[in-house]
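J.: Quick one, model.tsv (TSV, C-alpha atoms and all ligand atoms):
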```
chain	number	residue	atom	x	y	z
A	207	MET	CA	0.00	0.00	0.00
A	208	LYS	CA	2.79	2.39	0.94
A	209	LYS	CA	4.52	1.73	-2.36
A	210	ILE	CA	1.43	2.65	-4.37
A	211	VAL	CA	1.01	5.93	-2.54
A	212	PHE	CA	4.65	6.78	-3.09
A	213	LEU	CA	4.43	6.00	-6.81
A	214	ALA	CA	1.33	8.12	-7.18
A	215	PHE	CA	3.14	11.01	-5.55
A	216	LEU	CA	6.06	10.61	-7.91
A	217	LEU	CA	3.74	10.69	-10.91
A	218	ILE	CA	2.01	13.85	-9.71
A	219	SER	CA	5.25	15.70	-9.04
A	220	ALA	CA	6.74	14.59	-12.35
A	221	SER	CA	3.76	15.90	-14.30
A	222	ALA	CA	3.73	19.18	-12.37
A	223	PHE	CA	7.39	19.65	-13.22
A	224	SER	CA	7.11	18.94	-16.94
A	225	ASP	CA	3.98	21.06	-17.19
A	226	SER	CA	5.63	24.30	-16.13
A	227	ASN	CA	8.44	23.69	-18.61
A	228	LEU	CA	5.93	23.69	-21.43
A	229	VAL	CA	5.56	27.46	-21.20
A	230	GLN	CA	8.57	29.22	-22.69
A	231	PHE	CA	9.32	32.90	-22.42
A	232	ASN	CA	11.47	34.40	-25.18
A	233	ASN	CA	12.93	37.79	-26.10
A	234	GLY	CA	11.65	39.60	-23.03
A	235	TRP	CA	12.62	43.26	-22.94
A	236	ILE	CA	11.83	46.58	-21.32
A	237	LYS	CA	11.80	49.86	-23.22
A	238	GLN	CA	14.36	52.25	-21.77
A	239	LEU	CA	12.97	55.66	-20.79
A	240	PRO	CA	14.41	58.64	-18.88
A	241	PRO	CA	14.52	58.00	-15.10
A	242	VAL	CA	11.85	60.67	-14.49
A	243	VAL	CA	9.22	58.57	-16.30
A	244	PRO	CA	7.55	56.39	-13.65
A	245	MET	CA	6.37	53.61	-15.99
A	246	ARG	CA	7.93	51.41	-18.61
A	247	ALA	CA	6.38	48.98	-21.06
A	248	GLY	CA	7.75	45.46	-21.31
A	249	TYR	CA	7.31	42.96	-24.11
A	250	ILE	CA	7.80	39.22	-24.41
A	251	ASN	CA	6.83	36.19	-26.46
A	252	ILE	CA	5.11	33.44	-24.50
A	253	ASN	CA	4.84	30.02	-26.06
A	254	ASN	CA	2.43	27.60	-24.41
A	255	SER	CA	3.33	24.27	-25.98
A	256	SER	CA	1.24	22.30	-23.48
A	257	PRO	CA	-2.15	20.83	-24.42
A	258	THR	CA	-3.93	22.86	-21.75
A	259	VAL	CA	-4.86	26.52	-21.32
A	260	LYS	CA	-2.58	28.36	-18.90
A	261	LYS	CA	-3.33	31.56	-17.10
A	262	ILE	CA	-0.84	34.07	-15.74
A	263	VAL	CA	-2.35	35.73	-12.69
A	264	ALA	CA	0.53	37.84	-11.36
A	265	LEU	CA	3.83	39.42	-12.35
A	266	GLN	CA	6.44	40.65	-9.87
A	267	SER	CA	9.92	42.07	-10.11
A	268	THR	CA	12.38	43.16	-7.46
A	269	ALA	CA	13.42	46.01	-9.82
A	270	PHE	CA	9.95	47.63	-9.84
A	271	GLU	CA	7.36	48.43	-7.20
A	272	LYS	CA	4.60	46.92	-9.29
A	273	VAL	CA	4.10	45.03	-12.56
A	274	GLU	CA	0.72	45.00	-14.30
A	275	ILE	CA	-0.65	43.35	-17.42
A	276	HIS	CA	-2.11	45.95	-19.79
A	277	GLU	CA	-3.88	46.04	-23.09
A	278	THR	CA	-3.82	49.00	-25.47
A	279	ILE	CA	-7.26	49.64	-26.94
A	280	MET	CA	-8.95	52.31	-29.06
A	281	ALA	CA	-11.82	53.98	-27.24
A	282	ASP	CA	-13.63	57.01	-28.74
A	283	GLY	CA	-10.80	57.47	-31.21
A	284	MET	CA	-8.21	57.56	-28.44
A	285	MET	CA	-5.49	55.08	-27.51
A	286	LYS	CA	-6.12	53.87	-24.00
A	287	MET	CA	-4.56	51.28	-21.73
A	288	ILE	CA	-6.63	49.00	-19.55
A	289	GLU	CA	-5.34	46.72	-16.82
A	290	LEU	CA	-6.07	43.00	-17.20
A	291	ASP	CA	-6.57	40.72	-14.17
A	292	SER	CA	-4.86	37.85	-15.90
A	293	LEU	CA	-3.38	36.73	-19.18
A	294	GLU	CA	-4.74	33.63	-20.81
A	295	LEU	CA	-2.38	31.43	-22.81
A	296	PRO	CA	-4.39	29.17	-25.14
A	297	ALA	CA	-3.16	25.60	-25.55
A	298	LYS	CA	-0.41	25.13	-28.10
A	299	SER	CA	-0.12	28.75	-29.09
A	300	LEU	CA	2.08	31.78	-29.00
A	301	VAL	CA	1.01	34.92	-27.18
A	302	GLU	CA	3.00	38.01	-28.08
A	303	LEU	CA	3.18	40.97	-25.75
A	304	LYS	CA	4.16	43.71	-28.18
A	305	PRO	CA	3.89	47.47	-28.82
A	306	GLY	CA	0.29	48.48	-29.53
A	307	GLY	CA	-1.22	45.36	-27.96
A	308	LYS	CA	-1.04	43.52	-24.68
A	309	HIS	CA	2.07	44.42	-22.69
A	310	MET	CA	3.62	44.45	-19.26
A	311	MET	CA	3.53	47.76	-17.40
A	312	LEU	CA	6.48	48.04	-15.06
A	313	ILE	CA	5.74	50.75	-12.53
A	314	THR	CA	8.27	52.79	-10.52
A	315	PRO	CA	11.80	51.43	-10.90
A	316	VAL	CA	13.46	50.80	-7.54
A	317	GLN	CA	16.73	52.21	-8.96
A	318	PRO	CA	17.79	53.73	-12.31
A	319	LEU	CA	18.12	51.16	-15.10
A	320	ASN	CA	20.67	51.19	-17.91
A	321	ILE	CA	20.56	49.74	-21.39
A	322	GLY	CA	21.70	46.13	-21.22
A	323	ASP	CA	20.59	45.62	-17.61
A	324	LYS	CA	18.82	42.34	-16.91
A	325	VAL	CA	15.73	42.40	-14.75
A	326	GLU	CA	14.19	39.32	-13.19
A	327	LEU	CA	10.46	38.80	-13.56
A	328	LEU	CA	8.55	36.29	-11.47
A	329	VAL	CA	5.51	34.90	-13.27
A	330	THR	CA	2.74	33.28	-11.22
A	331	PHE	CA	0.27	30.95	-12.89
A	332	GLU	CA	-3.28	30.19	-11.82
A	333	ASP	CA	-2.20	26.87	-10.22
A	334	GLU	CA	0.24	28.91	-8.05
A	335	SER	CA	3.30	27.56	-9.84
A	336	THR	CA	5.90	30.20	-10.67
A	337	GLN	CA	8.52	30.73	-13.32
A	338	SER	CA	11.45	33.12	-13.32
A	339	VAL	CA	12.06	35.06	-16.54
A	340	MET	CA	14.78	37.53	-17.56
A	341	LEU	CA	13.99	40.84	-19.24
A	342	GLU	CA	16.64	43.00	-20.87
A	343	VAL	CA	16.53	46.79	-20.87
A	344	LYS	CA	16.76	48.01	-24.47
A	345	LYS	CA	16.53	51.24	-26.42
A	401	CU	CU	0.36	49.98	-20.14
```
How does this structure look as C-alpha cells?
T.:
Amino acid sequence: MKKIVFLAFLLISASAFSDSNLVQFNNGWIKQLPPVVPMRAGYININNSSPTVKKIVALQSTAFEKVEIHETIMADGMMKMIELDSLELPAKSLVELKPGGKHMMLITPVQPLNIGDKVELLVTFEDESTQSVMLEVKK
C-alpha cells in the first residue's frame, strides 16, 4: 500500500514539473525611458506548448514596485490602456506581448536602469506555480 502511494506522488510531481516547462518565455525586454518617467512597457513572447490553457495571474519584479498586465485599446478614437486581471495562454499557441497590444507595465523602478541591464520577472500561474524570466533593458 505504501509503495502505491509513493508512486502516485512521484507521478504527480513529475507531471507538475514537466507542465511548467511547457511554457517558454522568449525575447523579453523593457523599453528604456528617462529616469523621471515612472512607468515602462515590457514585451515578451510566450509560447504555451502544453495541451492545456494556462493563465498568468501575477507578475512581480524586485526592480519595480509593481508590474501590471495591460492592453492598449482604441476607445472614442483615443489610444487607451486598460489593466487586465490575468493573461490567458491558449493551448499550443504563441502569445505576443508587443507594442500596440497587450504588454507588461512596469511601474516605478526601484533604482535607475541602464541599457543592457537584466531584470528578473517572477511569473505566477493560476495553479500557483511560478517561473522566473529575464527581461533586458533596451533602447
Ligand atoms: Cu500599459
J.: Taking only C-alpha atoms into account, name the residue in A:Asn233, A:Ser292, A:Ser255, A:Thr278 that is nearest to Val329 (chain A).
T.: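 Going through A:Asn233, A:Ser292, A:Ser255, A:Thr278 one by one, the smallest distance to Val329 (chain A) is for A:Ser292.
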J.: Counting only C-alpha atoms, what is within 9 Å of Val259 (chain A), bar same-chain residues fewer than 4 positions away, as a VMD selection string?
T.: chain A and resid 254 294 to 298
J.: Would you list the residues near (10.6, 48.3, -16.7), meaning any protein, DNA or RNA residue with an atom at most 7 Å from that point in file coordinates, counting all atoms listed in the file, as a VMD selection string?
T.: chain A and resid 236 to 237 245 to 248 270 312 to 313 315
J.: Choose the residue, out of A:Gly234, A:Met311, A:Glu277, A:Lys286, that has the smallest atom-to-atom separation from Glu326 (chain A); count only C-alpha atoms.
T.: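 The answer is A:Gly234, which sits nearest to Glu326 (chain A).
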J.: For CA of Lys344 (chain A) and CA of Pro305 (chain A), determine how far apart the two atoms are, in Å to one decimal place.
T.: 13.6 Å
